[in-house]
Each structure stands twice: as structure tokens, then as C-alpha cells.
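Source file coords_12.cif; content: mmCIF, C-alpha atoms.
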data_start
loop_
_atom_site.label_atom_id
_atom_site.label_comp_id
_atom_site.auth_asym_id
_atom_site.auth_seq_id
_atom_site.Cartn_x
_atom_site.Cartn_y
_atom_site.Cartn_z
CA MET A 1 59.97 -6.73 -245.04
CA THR A 2 62.23 -9.25 -243.41
CA GLY A 3 60.63 -12.34 -241.88
CA ALA A 4 61.36 -13.88 -238.50
CA ILE A 5 64.38 -16.15 -238.16
CA GLN A 6 63.08 -19.70 -238.21
CA THR A 7 64.70 -22.80 -236.79
CA ILE A 8 65.39 -26.02 -238.66
CA PRO A 9 65.65 -28.21 -235.55
CA ALA A 10 68.57 -30.63 -235.38
CA ARG A 11 67.74 -33.84 -237.32
CA ARG A 12 64.43 -32.38 -238.58
CA GLY A 13 62.84 -30.82 -241.66
CA LYS A 14 61.09 -27.50 -242.22
CA ALA A 15 59.42 -25.90 -245.25
CA ALA A 16 58.43 -22.33 -246.12
CA ARG A 17 56.82 -20.42 -248.96
CA VAL A 18 58.92 -17.73 -250.64
CA ALA A 19 57.31 -15.34 -253.11
CA LYS A 20 58.97 -14.63 -256.46
CA GLY A 21 61.64 -11.95 -256.02
CA ARG A 22 62.07 -12.50 -252.26
CA SER A 23 65.15 -14.26 -250.97
CA ILE A 24 65.84 -16.82 -248.29
CA LYS A 25 68.97 -16.77 -246.14
CA VAL A 26 70.08 -20.19 -244.90
CA ILE A 27 72.35 -19.91 -241.88
CA ASN A 28 74.86 -22.51 -240.71
CA THR A 29 74.32 -21.37 -237.11
CA HIS A 30 76.78 -23.70 -235.41
CA GLY A 31 79.12 -23.95 -238.35
CA GLN A 32 79.26 -27.64 -239.28
CA GLN A 33 75.74 -28.52 -240.29
CA VAL A 34 74.73 -29.75 -243.75
CA VAL A 35 71.31 -28.52 -244.88
CA ASP A 36 69.61 -30.56 -247.59
CA THR A 37 67.56 -28.12 -249.67
CA TRP A 38 64.70 -28.50 -252.13
CA ALA A 39 62.63 -25.97 -254.09
CA PHE A 40 59.22 -26.65 -255.63
CA ASN A 41 57.11 -24.44 -257.90
CA ALA A 42 54.34 -23.32 -255.47
CA GLU A 43 51.71 -23.50 -258.25
CA ASP A 44 52.68 -26.98 -259.41
CA LEU A 45 54.71 -29.12 -257.01
CA LYS A 46 55.55 -31.52 -259.84
CA GLU A 47 57.91 -28.85 -261.15
CA PHE A 48 60.93 -28.67 -258.85
CA MET A 49 64.60 -27.76 -258.67
CA SER A 50 66.60 -30.51 -260.37
CA MET A 51 70.32 -31.05 -259.86
CA GLU A 52 70.67 -33.04 -263.11
CA HIS A 53 68.92 -30.41 -265.22
CA THR A 54 70.85 -27.63 -263.48
CA ARG A 55 74.26 -29.22 -264.08
CA ALA A 56 73.54 -29.42 -267.85
CA PHE A 57 72.89 -25.65 -267.82
CA MET A 58 75.30 -24.36 -265.15
CA LEU A 59 78.10 -26.65 -266.40
CA LYS A 60 79.51 -26.89 -262.87
CA LEU A 61 79.40 -29.50 -260.11
CA SER A 62 78.93 -26.86 -257.40
CA PRO A 63 77.19 -23.45 -257.64
CA GLU A 64 78.73 -20.01 -257.16
CA VAL A 65 77.22 -16.58 -256.56
CA GLY A 66 75.22 -15.61 -259.65
CA ASP A 67 74.38 -19.18 -260.64
CA LYS A 68 70.78 -20.18 -261.29
CA PHE A 69 69.20 -23.54 -260.54
CA LEU A 70 66.73 -24.93 -263.06
CA THR A 71 63.62 -27.02 -262.59
CA ASN A 72 62.85 -30.31 -264.33
CA LYS A 73 61.18 -28.03 -266.94
CA ARG A 74 64.48 -26.14 -267.35
CA ARG A 75 63.12 -22.88 -265.90
CA PRO A 76 65.13 -20.83 -263.35
CA ILE A 77 63.77 -21.44 -259.84
CA ILE A 78 66.43 -20.00 -257.48
CA THR A 79 69.59 -17.91 -257.88
CA VAL A 80 72.54 -17.81 -255.49
CA VAL A 81 72.85 -14.10 -254.63
CA GLU A 82 75.26 -14.17 -251.67
CA ASP A 83 77.43 -16.77 -249.97
CA THR A 84 79.64 -16.03 -246.96
CA SER A 85 80.64 -19.72 -246.61
CA PRO A 86 83.73 -21.12 -248.39
CA GLY A 87 81.34 -21.96 -251.25
CA ILE A 88 81.46 -25.73 -250.96
CA HIS A 89 78.03 -27.25 -251.63
CA ASP A 90 77.09 -30.66 -253.01
CA THR A 91 74.83 -31.37 -255.99
CA LEU A 92 75.84 -35.02 -256.47
CA LEU A 93 74.40 -37.13 -253.67
CA ALA A 94 70.89 -38.26 -252.82
CA ALA A 95 69.25 -37.24 -249.57
CA CYS A 96 69.93 -39.82 -246.87
CA ASP A 97 67.07 -42.20 -246.11
CA ASP A 98 66.40 -45.10 -243.79
CA TYR A 99 67.79 -47.54 -246.42
CA ARG A 100 71.08 -45.63 -246.33
CA TYR A 101 71.51 -46.00 -242.58
CA ARG A 102 70.68 -49.73 -242.72
CA LEU A 103 73.33 -50.07 -245.45
CA ILE A 104 76.03 -48.48 -243.30
CA GLY A 105 75.22 -50.57 -240.23
CA CYS A 106 72.32 -49.02 -238.33
CA ASN A 107 69.86 -51.69 -237.15
CA GLU A 108 66.95 -49.48 -236.20
CA TYR A 109 65.09 -46.52 -237.66
CA HIS A 110 67.35 -43.50 -238.14
CA ASP A 111 66.16 -39.94 -238.72
CA ASN A 112 66.87 -39.01 -242.33
CA CYS A 113 66.59 -36.15 -244.82
CA THR A 114 64.09 -37.94 -247.08
CA ASP A 115 61.53 -38.39 -244.28
CA ASN A 116 62.33 -34.82 -243.15
CA LEU A 117 61.40 -33.50 -246.60
CA PHE A 118 57.95 -35.14 -246.36
CA ALA A 119 57.48 -34.06 -242.71
CA GLY A 120 58.52 -30.44 -243.36
CA MET A 121 56.16 -30.16 -246.35
CA LYS A 122 53.33 -31.87 -244.43
CA GLU A 123 53.64 -29.28 -241.64
CA ILE A 124 52.57 -26.57 -244.11
CA GLY A 125 49.88 -28.80 -245.61
CA LEU A 126 51.72 -30.06 -248.69
CA ASP A 127 52.73 -33.44 -250.11
CA ALA A 128 56.09 -33.71 -251.84
CA PRO A 129 55.30 -35.51 -255.14
CA GLU A 130 58.68 -37.27 -255.24
CA VAL A 131 62.17 -36.91 -253.74
CA PRO A 132 64.28 -34.79 -256.08
CA SER A 133 68.04 -35.00 -255.69
CA PRO A 134 68.73 -32.18 -253.17
CA LEU A 135 71.07 -29.22 -253.14
CA ASN A 136 73.18 -30.15 -250.13
CA LEU A 137 74.21 -26.79 -248.71
CA PHE A 138 77.59 -26.66 -246.93
CA MET A 139 78.21 -30.37 -247.72
CA ASN A 140 81.80 -31.23 -248.58
CA ILE A 141 82.02 -34.02 -251.15
CA PRO A 142 85.29 -33.41 -252.99
CA TRP A 143 85.95 -35.07 -256.36
CA THR A 144 89.31 -36.06 -257.78
CA LYS A 145 90.65 -35.87 -261.32
CA VAL A 146 89.72 -39.54 -261.88
CA GLY A 147 86.26 -38.92 -260.43
CA THR A 148 86.40 -40.54 -257.01
CA LEU A 149 84.30 -38.96 -254.27
CA SER A 150 84.61 -38.86 -250.49
CA PHE A 151 82.57 -37.74 -247.49
CA GLU A 152 84.40 -34.94 -245.63
CA ALA A 153 83.67 -32.52 -242.79
CA PRO A 154 82.38 -29.07 -243.80
CA TYR A 155 84.71 -26.06 -244.11
CA THR A 156 82.00 -23.68 -242.89
CA ARG A 157 82.20 -21.48 -239.75
CA PRO A 158 79.43 -20.57 -237.29
CA GLY A 159 77.12 -17.99 -238.83
CA ASP A 160 78.13 -18.61 -242.44
CA TYR A 161 75.14 -18.22 -244.70
CA ILE A 162 73.94 -18.41 -248.30
CA VAL A 163 71.16 -16.32 -249.81
CA LEU A 164 68.91 -17.79 -252.50
CA ARG A 165 66.51 -15.62 -254.52
CA ALA A 166 63.22 -17.14 -255.65
CA GLU A 167 62.73 -16.82 -259.42
CA MET A 168 59.09 -17.97 -259.16
CA ASP A 169 56.74 -18.47 -256.19
CA VAL A 170 58.39 -21.40 -254.45
CA VAL A 171 58.08 -23.77 -251.57
CA MET A 172 61.52 -24.30 -250.06
CA ALA A 173 62.14 -27.38 -247.92
CA PHE A 174 65.14 -27.95 -245.68
CA SER A 175 66.53 -30.78 -243.61
CA ALA A 176 69.21 -30.36 -240.95
CA CYS A 177 70.92 -33.59 -241.96
CA PRO A 178 70.85 -36.18 -239.11
CA GLN A 179 73.92 -38.04 -240.39
CA ASP A 180 75.90 -38.99 -237.25
CA MET A 181 77.72 -42.09 -238.54
CA LEU A 182 79.98 -40.27 -241.03
CA PRO A 183 81.82 -36.93 -240.44
CA ILE A 184 79.66 -35.05 -242.94
CA ASN A 185 78.29 -32.76 -240.19
CA GLY A 186 81.71 -32.25 -238.62
CA ARG A 187 84.21 -34.58 -237.02
CA ASN A 188 82.21 -34.76 -233.78
CA ASN A 189 79.33 -36.46 -235.62
CA LYS A 190 76.89 -34.13 -233.83
CA PRO A 191 74.02 -32.87 -236.01
CA THR A 192 72.81 -29.43 -234.88
CA GLU A 193 70.02 -27.00 -235.68
CA ALA A 194 70.32 -24.45 -238.48
CA HIS A 195 68.21 -21.38 -239.30
CA PHE A 196 66.61 -19.56 -242.21
CA GLN A 197 65.01 -16.20 -242.80
CA VAL A 198 62.95 -14.84 -245.69
CA ILE A 199 64.39 -11.42 -246.58
CA MET B 1 70.21 -68.65 -274.33
CA THR B 2 71.22 -65.50 -276.16
CA GLY B 3 68.43 -63.25 -277.45
CA ALA B 4 68.20 -61.60 -280.86
CA ILE B 5 70.10 -58.39 -281.47
CA GLN B 6 67.61 -55.56 -281.20
CA THR B 7 67.81 -52.11 -282.72
CA ILE B 8 67.44 -48.84 -280.87
CA PRO B 9 66.55 -46.77 -283.95
CA ALA B 10 68.34 -43.44 -284.39
CA ARG B 11 66.61 -40.73 -282.30
CA ARG B 12 64.23 -43.27 -280.72
CA GLY B 13 63.65 -45.25 -277.52
CA LYS B 14 63.32 -48.96 -276.83
CA ALA B 15 62.67 -51.01 -273.68
CA ALA B 16 63.18 -54.67 -272.79
CA ARG B 17 62.70 -56.99 -269.85
CA VAL B 18 65.81 -58.67 -268.45
CA ALA B 19 65.46 -61.44 -265.86
CA LYS B 20 67.61 -61.42 -262.73
CA GLY B 21 71.03 -62.94 -263.49
CA ARG B 22 70.81 -62.34 -267.26
CA SER B 23 72.88 -59.59 -268.85
CA ILE B 24 72.28 -57.02 -271.54
CA LYS B 25 74.95 -55.95 -274.00
CA VAL B 26 74.59 -52.38 -275.28
CA ILE B 27 76.46 -51.86 -278.52
CA ASN B 28 77.70 -48.54 -279.91
CA THR B 29 77.25 -49.87 -283.44
CA HIS B 30 78.48 -46.85 -285.38
CA GLY B 31 80.85 -45.69 -282.66
CA GLN B 32 79.74 -42.19 -281.69
CA GLN B 33 76.26 -42.66 -280.28
CA VAL B 34 75.25 -41.82 -276.72
CA VAL B 35 72.66 -44.20 -275.26
CA ASP B 36 70.61 -42.86 -272.33
CA THR B 37 69.83 -45.85 -270.11
CA TRP B 38 67.31 -46.50 -267.35
CA ALA B 39 66.55 -49.58 -265.24
CA PHE B 40 63.31 -50.19 -263.33
CA ASN B 41 62.42 -52.96 -260.91
CA ALA B 42 60.03 -55.08 -263.04
CA GLU B 43 57.83 -55.83 -259.99
CA ASP B 44 57.54 -52.20 -258.89
CA LEU B 45 58.38 -49.51 -261.43
CA LYS B 46 58.59 -46.91 -258.67
CA GLU B 47 61.88 -48.49 -257.67
CA PHE B 48 64.49 -47.61 -260.28
CA MET B 49 68.20 -47.09 -260.87
CA SER B 50 69.21 -43.77 -259.33
CA MET B 51 72.39 -41.91 -260.21
CA GLU B 52 72.32 -39.86 -256.98
CA HIS B 53 71.88 -42.91 -254.75
CA THR B 54 74.52 -44.81 -256.74
CA ARG B 55 77.15 -42.05 -256.47
CA ALA B 56 76.80 -42.06 -252.66
CA PHE B 57 77.60 -45.81 -252.69
CA MET B 58 80.02 -46.17 -255.63
CA LEU B 59 81.88 -42.97 -254.63
CA LYS B 60 82.72 -42.32 -258.27
CA LEU B 61 81.36 -39.99 -260.96
CA SER B 62 81.64 -42.67 -263.66
CA PRO B 63 81.30 -46.47 -263.31
CA GLU B 64 83.95 -49.10 -264.00
CA VAL B 65 83.75 -52.87 -264.52
CA GLY B 66 82.58 -54.44 -261.25
CA ASP B 67 80.60 -51.41 -260.10
CA LYS B 68 76.97 -51.81 -259.07
CA PHE B 69 74.20 -49.29 -259.59
CA LEU B 70 71.66 -48.86 -256.79
CA THR B 71 67.97 -48.06 -256.88
CA ASN B 72 66.23 -45.26 -255.01
CA LYS B 73 65.80 -47.94 -252.30
CA ARG B 74 69.60 -48.47 -252.24
CA ARG B 75 69.39 -52.03 -253.63
CA PRO B 76 71.72 -53.25 -256.41
CA ILE B 77 69.88 -53.25 -259.75
CA ILE B 78 72.63 -53.65 -262.39
CA THR B 79 76.35 -54.42 -262.37
CA VAL B 80 78.86 -53.48 -265.07
CA VAL B 81 80.43 -56.82 -266.02
CA GLU B 82 82.31 -55.93 -269.21
CA ASP B 83 83.18 -52.74 -271.09
CA THR B 84 85.17 -52.67 -274.33
CA SER B 85 84.70 -48.89 -274.70
CA PRO B 86 87.22 -46.42 -273.24
CA GLY B 87 85.02 -46.47 -270.11
CA ILE B 88 83.70 -42.93 -270.34
CA HIS B 89 80.05 -42.76 -269.28
CA ASP B 90 78.07 -39.91 -267.75
CA THR B 91 76.03 -40.03 -264.54
CA LEU B 92 75.67 -36.26 -264.10
CA LEU B 93 73.26 -34.88 -266.68
CA ALA B 94 69.51 -35.15 -267.13
CA ALA B 95 68.01 -36.75 -270.22
CA CYS B 96 67.41 -34.16 -272.91
CA ASP B 97 63.82 -33.00 -273.32
CA ASP B 98 61.87 -30.62 -275.49
CA TYR B 99 62.55 -27.79 -272.98
CA ARG B 100 66.27 -28.34 -273.45
CA TYR B 101 66.14 -27.94 -277.22
CA ARG B 102 64.01 -24.76 -276.92
CA LEU B 103 66.62 -23.39 -274.47
CA ILE B 104 69.47 -23.93 -276.94
CA GLY B 105 67.63 -22.35 -279.84
CA CYS B 106 65.32 -24.92 -281.46
CA ASN B 107 61.95 -23.35 -282.32
CA GLU B 108 59.99 -26.52 -283.02
CA TYR B 109 59.51 -29.91 -281.42
CA HIS B 110 62.77 -31.87 -281.24
CA ASP B 111 63.03 -35.61 -280.61
CA ASN B 112 64.39 -36.12 -277.11
CA CYS B 113 65.46 -38.84 -274.67
CA THR B 114 62.73 -38.06 -272.12
CA ASP B 115 59.93 -38.65 -274.62
CA ASN B 116 61.84 -41.69 -275.89
CA LEU B 117 61.84 -43.19 -272.39
CA PHE B 118 58.04 -42.95 -272.24
CA ALA B 119 57.60 -44.20 -275.83
CA GLY B 120 59.96 -47.16 -275.36
CA MET B 121 58.20 -48.23 -272.16
CA LYS B 122 54.76 -47.73 -273.74
CA GLU B 123 55.71 -50.06 -276.60
CA ILE B 124 55.99 -52.91 -274.08
CA GLY B 125 52.84 -51.83 -272.25
CA LEU B 126 54.40 -49.91 -269.36
CA ASP B 127 54.23 -46.38 -268.00
CA ALA B 128 57.41 -44.84 -266.61
CA PRO B 129 56.37 -43.39 -263.23
CA GLU B 130 58.85 -40.50 -263.45
CA VAL B 131 62.04 -39.59 -265.32
CA PRO B 132 65.04 -40.73 -263.25
CA SER B 133 68.39 -39.16 -264.05
CA PRO B 134 69.78 -41.58 -266.67
CA LEU B 135 73.04 -43.47 -267.02
CA ASN B 136 74.34 -41.88 -270.22
CA LEU B 137 76.37 -44.66 -271.80
CA PHE B 138 79.35 -43.56 -273.92
CA MET B 139 78.65 -39.87 -273.13
CA ASN B 140 81.73 -37.73 -272.65
CA ILE B 141 81.18 -35.00 -270.04
CA PRO B 142 84.60 -34.32 -268.57
CA TRP B 143 84.94 -32.46 -265.27
CA THR B 144 87.85 -30.27 -264.18
CA LYS B 145 89.53 -29.88 -260.80
CA VAL B 146 87.39 -26.81 -260.07
CA GLY B 147 84.26 -28.69 -261.16
CA THR B 148 83.42 -27.20 -264.54
CA LEU B 149 81.78 -29.50 -267.09
CA SER B 150 81.70 -29.56 -270.89
CA PHE B 151 79.92 -31.43 -273.69
CA GLU B 152 82.43 -33.38 -275.77
CA ALA B 153 82.36 -35.96 -278.57
CA PRO B 154 82.54 -39.63 -277.49
CA TYR B 155 85.83 -41.54 -277.48
CA THR B 156 84.09 -44.77 -278.47
CA ARG B 157 84.73 -46.81 -281.63
CA PRO B 158 82.27 -48.74 -283.83
CA GLY B 159 81.24 -51.96 -282.10
CA ASP B 160 82.35 -50.93 -278.60
CA TYR B 161 79.96 -52.36 -276.05
CA ILE B 162 79.18 -52.53 -272.36
CA VAL B 163 77.54 -55.49 -270.59
CA LEU B 164 75.20 -54.90 -267.65
CA ARG B 165 74.00 -57.76 -265.44
CA ALA B 166 70.52 -57.53 -263.93
CA GLU B 167 70.58 -57.93 -260.14
CA MET B 168 66.77 -58.22 -259.99
CA ASP B 169 64.09 -58.68 -262.67
CA VAL B 170 64.36 -55.38 -264.52
CA VAL B 171 62.89 -53.36 -267.31
CA MET B 172 65.72 -51.64 -269.17
CA ALA B 173 64.92 -48.58 -271.29
CA PHE B 174 67.26 -46.99 -273.82
CA SER B 175 67.26 -43.89 -275.98
CA ALA B 176 69.62 -43.36 -278.91
CA CYS B 177 70.10 -39.68 -278.03
CA PRO B 178 68.79 -37.36 -280.79
CA GLN B 179 71.08 -34.47 -279.83
CA ASP B 180 72.23 -32.92 -283.13
CA MET B 181 72.89 -29.36 -281.96
CA LEU B 182 75.92 -30.15 -279.76
CA PRO B 183 78.78 -32.60 -280.62
CA ILE B 184 77.73 -35.08 -277.95
CA ASN B 185 77.02 -37.77 -280.59
CA GLY B 186 80.22 -37.00 -282.49
CA ARG B 187 81.48 -33.95 -284.30
CA ASN B 188 79.24 -34.60 -287.31
CA ASN B 189 76.14 -34.04 -285.14
CA LYS B 190 74.56 -37.15 -286.71
CA PRO B 191 72.61 -39.33 -284.28
CA THR B 192 72.64 -42.99 -285.33
CA GLU B 193 71.05 -46.27 -284.30
CA ALA B 194 72.55 -48.49 -281.60
CA HIS B 195 71.83 -52.09 -280.62
CA PHE B 196 71.33 -54.31 -277.61
CA GLN B 197 71.17 -58.01 -276.92
CA VAL B 198 70.08 -59.98 -273.87
CA ILE B 199 72.75 -62.59 -273.21
#
If you convert what's in this file into C-alpha cells, what do you get?
Amino acid sequence: MTGAIQTIPARRGKAARVAKGRSIKVINTHGQQVVDTWAFNAEDLKEFMSMEHTRAFMLKLSPEVGDKFLTNKRRPIITVVEDTSPGIHDTLLAACDDYRYRLIGCNEYHDNCTDNLFAGMKEIGLDAPEVPSPLNLFMNIPWTKVGTLSFEAPYTRPGDYIVLRAEMDVVMAFSACPQDMLPINGRNNKPTEAHFQVI
Amino acid sequence: MTGAIQTIPARRGKAARVAKGRSIKVINTHGQQVVDTWAFNAEDLKEFMSMEHTRAFMLKLSPEVGDKFLTNKRRPIITVVEDTSPGIHDTLLAACDDYRYRLIGCNEYHDNCTDNLFAGMKEIGLDAPEVPSPLNLFMNIPWTKVGTLSFEAPYTRPGDYIVLRAEMDVVMAFSACPQDMLPINGRNNKPTEAHFQVI
């Protein structure tokens, strides 16, 4: 039974429950939108998908089809089962937050992925216990041989999607990243909506 | 005023307060020992050094002399002011924990850096509020162009050290990593003590 397509509004967060064995398709509807993604164990929100624990297991900076993400208790929580995008996703950088926008020159409150995580969870009656480092879907942060990083526009195209299978009952949270001061959501600096669907 | 040289016993954790402007020298006494390192704001332990926030600012996978680490509030917490080691440090991998050792084949409790963080803090009367991704001093996790990672022996030599300056009043916590199932602490798989000194 496939669920309805749900909108992650531009610059906002959204969360959804996904039962073990079901999958969630995250769609880059307009083609240039980064989607910060979190997964929490639905029975115990203090267990969550962890980039730093996953990297020690996956032994990769960026996931490919077949790769599993681990929780902070080193248990599989989601598996990448399909990816029609060019496969460029970021596991290295923190979710943006109001501090980040102040640091790069914004003088007033700026929408941000950290607040979107809390708001998205709150909408379904849950409190995020902390802010895990997110899986930044479609985000293009290339690394060099010497280990320098840069913020680049995505390589994704409209309609590209990734499918993640839940390996336990999970709460997934998403933020359509509101970054409009760097080209991370495309060279026009125009954050857009994205969509997801439980399948 | 230089403080006494303190021991981080082999396979154990240790914490110390460092006032703003003072520095702490972390010494790889026997030359092949990884030291997992955390820094917390002494006034508010919920603000701590964050690898994922730092990478977004430093734009590097591994720090060099002059680089600052940021907290989860994007404020500078420590600066690398000197480094006599070959400069290979890891910011990518989680602290080891009992789950990790079970996953790689250990059937009983194994000393681990996560428990050492809590024990080291407890010894000076503090509770770590969570387990931030650590700065793994001297740890050799090379990455390739395509982003694969591997666990390798350190390139450090006996007596190599790094000096970190506190940019606020901090609590530093260290663990002499007890990993003896992978060559991360040298090809002999023999975790050793390390030392530190507030200078």
C-alpha cells in the first residue's frame, strides 16, 4: 500500500513514521533542492541514525545503493535501495542553524534545518532529543585528495529520487534546506519544496 | 605557569579543566596511540566541540596548525597552535563503544572510548550530556578520491605532540583508545598510555 505524496514545503521541515520493512521515497521535485534527513528509532528516540557511526561501518564518505546507515547503537536503521540521482549526498556537515547564518552575514533570524527538525517532529507530537548530524540528500560537498571541502550546486535533475528502506520502525524527519546565501540549493539560491512518499 | 604532566592510562579516560587562553599539550608518549578528544564549554556542558559544525567552517577533513574548532553553537572552542606529529588526525569516525566491539567479533565487554569519556568526566565530578563525535588525535583514516575510508596504523613517533589553545573556559576529555582488534593503535595492536599537560 503506497501512501500519499507529501510535501516538504520550501524552507520547512516535515516528519513521518515509517514501519519496519516499508520504504520512503524522497523526491527532488524541482531538481536542485538539498533535503536534510534524520531517522530516529520510533520506540526510543534517543537511538538515531548517526553519520559518524555509519562511516566507521560503511567505510565511505557518501552512501551508494545497498549501503546501510547505523544508529548510535550501531544497529542498521535505513538502507539505500534505489537512487536515480547522480548519487552525490553529504554525510559530513552539520544541519544549518541560526548561528550559521549569523556567521555568514545574516543579521536577522533565518529559517534553518535545525529548527525545521524540531518543528517537523513537533507537528507529529514528538520532541527530537538532540540534533544528530544529518544525511544531507542531494547535497554536493566535494572533497579533494588533501581533504579540503567546498559548497557546490547539486548535480540532481527534477524528479530525481532516492528510496530508503526502514530497518526498524522509524520516525523520519526532513528539512528542505533554506540556504539561500550559498549555491548549495542551486546557483539561483532559490530553496524550493521537495516531496516524499511511503511505499 | 605550566601544570604537571598527567597520564591518560592505557585503555582509560581522563578529563581536565583548561582556562580560556591556556593551552593543553597532548603527547603521543609511545608513538602509536590514538587519543579521542572532546571539549566542552565549562559553563554549559551542552555546548561542545562539534566535528560536523567545524567541518562546515574549516572546510577541511583534518585540521592543521592555525585551525579553530567550533562548538555546536558555531563558536570557537579550541585552536591548533602547534603540531610536531605528521598532522594526521581524524574528524570522521565515532568514538568506539561496546556495540562496536560486539560488531567486530568481541563476545564480552571491551574497554571503549565512549565509556572512557563518561568515566573521565565523572572523575572530576561532571556528567557528559551526550557523546559528541570526537577529534581523534593521531588517528590515521585515509580517504580516497571516490570517498572510501580505511583503518590504518598511525604515522606518529614517540613524543610527538599537538598543542590546543582553549578559546573559552573548557573541560577537555581524552581517551587512550583501547582498540586492539584493528591496527589503529599500531600494527602490534597494543594500546598504551599517553600524556597531557596544561601549559
Evaluate the PyMOL selection byres ((chain A) within 8 of (chain B)) here and jot the selected residues down as a compact mmCIF listing (two decimals) with C-alpha atoms, in the coordinates of the input.
# COMPACT_ATOMS: atom_id res chain seq x y z
CA GLU A 52 70.67 -33.04 -263.11
CA HIS A 53 68.92 -30.41 -265.22
CA ARG A 55 74.26 -29.22 -264.08
CA ALA A 56 73.54 -29.42 -267.85
CA LEU A 59 78.10 -26.65 -266.40
CA LYS A 60 79.51 -26.89 -262.87
CA LEU A 61 79.40 -29.50 -260.11
CA SER A 62 78.93 -26.86 -257.40
CA LYS A 73 61.18 -28.03 -266.94
CA ARG A 74 64.48 -26.14 -267.35
CA LEU A 92 75.84 -35.02 -256.47
CA LEU A 93 74.40 -37.13 -253.67
CA ALA A 94 70.89 -38.26 -252.82
CA TYR A 99 67.79 -47.54 -246.42
CA ARG A 100 71.08 -45.63 -246.33
CA LEU A 103 73.33 -50.07 -245.45
CA SER A 133 68.04 -35.00 -255.69
CA TRP A 143 85.95 -35.07 -256.36
CA THR A 144 89.31 -36.06 -257.78
CA LYS A 145 90.65 -35.87 -261.32
CA GLY A 147 86.26 -38.92 -260.43
CA THR A 148 86.40 -40.54 -257.01
CA LEU A 149 84.30 -38.96 -254.27
CA SER A 150 84.61 -38.86 -250.49
Name the residues that the PyMOL selection byres ((chain A and resi 192) around 6) picks from the file above, as a list in words, using the file's chain letters and numbers.
->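 Against this file, the PyMOL selection byres ((chain A and resi 192) around 6) returns the residues Ala10, Pro191 and Glu193 of chain A.
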Name the residues, using the chain letters and numbers of the file, that sit within 6 Å of (79.6, -33.8, -278.7) when counting only C-alpha atoms, and give them as an MDAnalysis selection string.
-> chainID B and resid 151:153 182:187
Do you know which residues the PyMOL selection byres ((chain A and resi 24) around 9) returns on this file, as number ranges by chain?
-> A: 18, 22-23, 25-26, 162-166, 172, 196-199
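Using only C-alpha atoms, the shortest contact distance between B:Asp160 and any of B:Leu45, B:Val80, B:Ile27, B:Ala173 is found at B:Ile27.
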Atom CA of A:Met168 and atom CA of A:Ile77 are how many Å apart?
-> 5.9 Å
Please indicate the distance in Å from atom CA of B:Gly87 to atom CA of B:Pro154, rounded to one decimal place.
->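 Computing it gives 10.4 Å between the two atoms.
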Would you mind listing what lies within 9 Å of stretch 116-125 of chain A as number ranges by chain, with all atoms listed in the file counted and same-chain residues fewer than 4 positions away left out?
-> A: 11-17, 36-38, 111-112, 131, 171-177
Point-to-point distance in Å for atom CA of B:Asp90 and atom CA of A:Phe69 | 20.0 Å
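Residues within 9 Å of A:Lys190, counting only C-alpha atoms and excluding same-chain residues fewer than 6 positions away, are Gln32, Gln33, Pro178, Gln179, Asp180 and Pro183 of chain A.
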Could you list as an NGL selection string every residue that has an atom within 6 Å of (73.5, -47.4, -283.7), using the file's coordinates and counting only C-alpha atoms?
-> :B and (28-30 or 192-195)
In terms of the shortest atom-to-atom distance over all atoms listed in the file, which of A:Val170, A:Ile5, A:Ile88, A:Ala42 is closest to A:Leu135?
->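 Checking each of A:Val170, A:Ile5, A:Ile88, A:Ala42 against A:Leu135, counting all atoms listed in the file, the winner is A:Ile88.
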Across B:Leu126, B:Ala4, B:Val65, B:Cys113, the smallest distance to B:Val35, with all atoms listed in the file counted, is shown by B:Cys113
Starting from the incomplete input, reconstruct N, CA, C and O atoms of stretch 84-95 of chain A and write that as a short mmCIF file (atom, residue, chain, number, x, y, z; two decimals), in the coordinates of the input.
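The new file result09.cif reads:
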data_model
loop_
_atom_site.label_atom_id
_atom_site.label_comp_id
_atom_site.auth_asym_id
_atom_site.auth_seq_id
_atom_site.Cartn_x
_atom_site.Cartn_y
_atom_site.Cartn_z
N THR A 84 78.49 -16.39 -247.83
CA THR A 84 79.64 -16.03 -246.96
C THR A 84 80.42 -17.28 -246.54
O THR A 84 81.43 -17.17 -245.86
N SER A 85 79.93 -18.47 -246.92
CA SER A 85 80.64 -19.72 -246.61
C SER A 85 81.79 -19.89 -247.61
O SER A 85 81.88 -19.13 -248.58
N PRO A 86 82.66 -20.89 -247.41
CA PRO A 86 83.73 -21.12 -248.39
C PRO A 86 83.21 -21.56 -249.77
O PRO A 86 84.02 -21.81 -250.67
N GLY A 87 81.89 -21.67 -249.93
CA GLY A 87 81.34 -21.96 -251.25
C GLY A 87 81.35 -23.42 -251.64
O GLY A 87 81.23 -23.75 -252.82
N ILE A 88 81.46 -24.29 -250.67
CA ILE A 88 81.46 -25.73 -250.96
C ILE A 88 80.06 -26.29 -250.67
O ILE A 88 79.63 -26.32 -249.52
N HIS A 89 79.38 -26.70 -251.74
CA HIS A 89 78.03 -27.25 -251.63
C HIS A 89 77.97 -28.47 -252.54
O HIS A 89 78.66 -28.51 -253.56
N ASP A 90 77.14 -29.42 -252.21
CA ASP A 90 77.09 -30.66 -253.01
C ASP A 90 75.82 -30.74 -253.84
O ASP A 90 74.73 -30.46 -253.34
N THR A 91 76.00 -31.13 -255.12
CA THR A 91 74.83 -31.37 -255.99
C THR A 91 74.76 -32.83 -256.43
O THR A 91 73.93 -33.18 -257.26
N LEU A 92 75.66 -33.67 -255.89
CA LEU A 92 75.84 -35.02 -256.47
C LEU A 92 75.09 -36.13 -255.76
O LEU A 92 74.74 -37.12 -256.39
N LEU A 93 74.88 -35.98 -254.45
CA LEU A 93 74.40 -37.13 -253.67
C LEU A 93 72.93 -37.01 -253.28
O LEU A 93 72.42 -35.93 -252.99
N ALA A 94 72.28 -38.15 -253.25
CA ALA A 94 70.89 -38.26 -252.82
C ALA A 94 70.75 -37.85 -251.36
O ALA A 94 71.71 -37.95 -250.58
N ALA A 95 69.57 -37.43 -250.97
CA ALA A 95 69.25 -37.24 -249.57
C ALA A 95 69.41 -38.59 -248.86
O ALA A 95 69.08 -39.64 -249.42
#
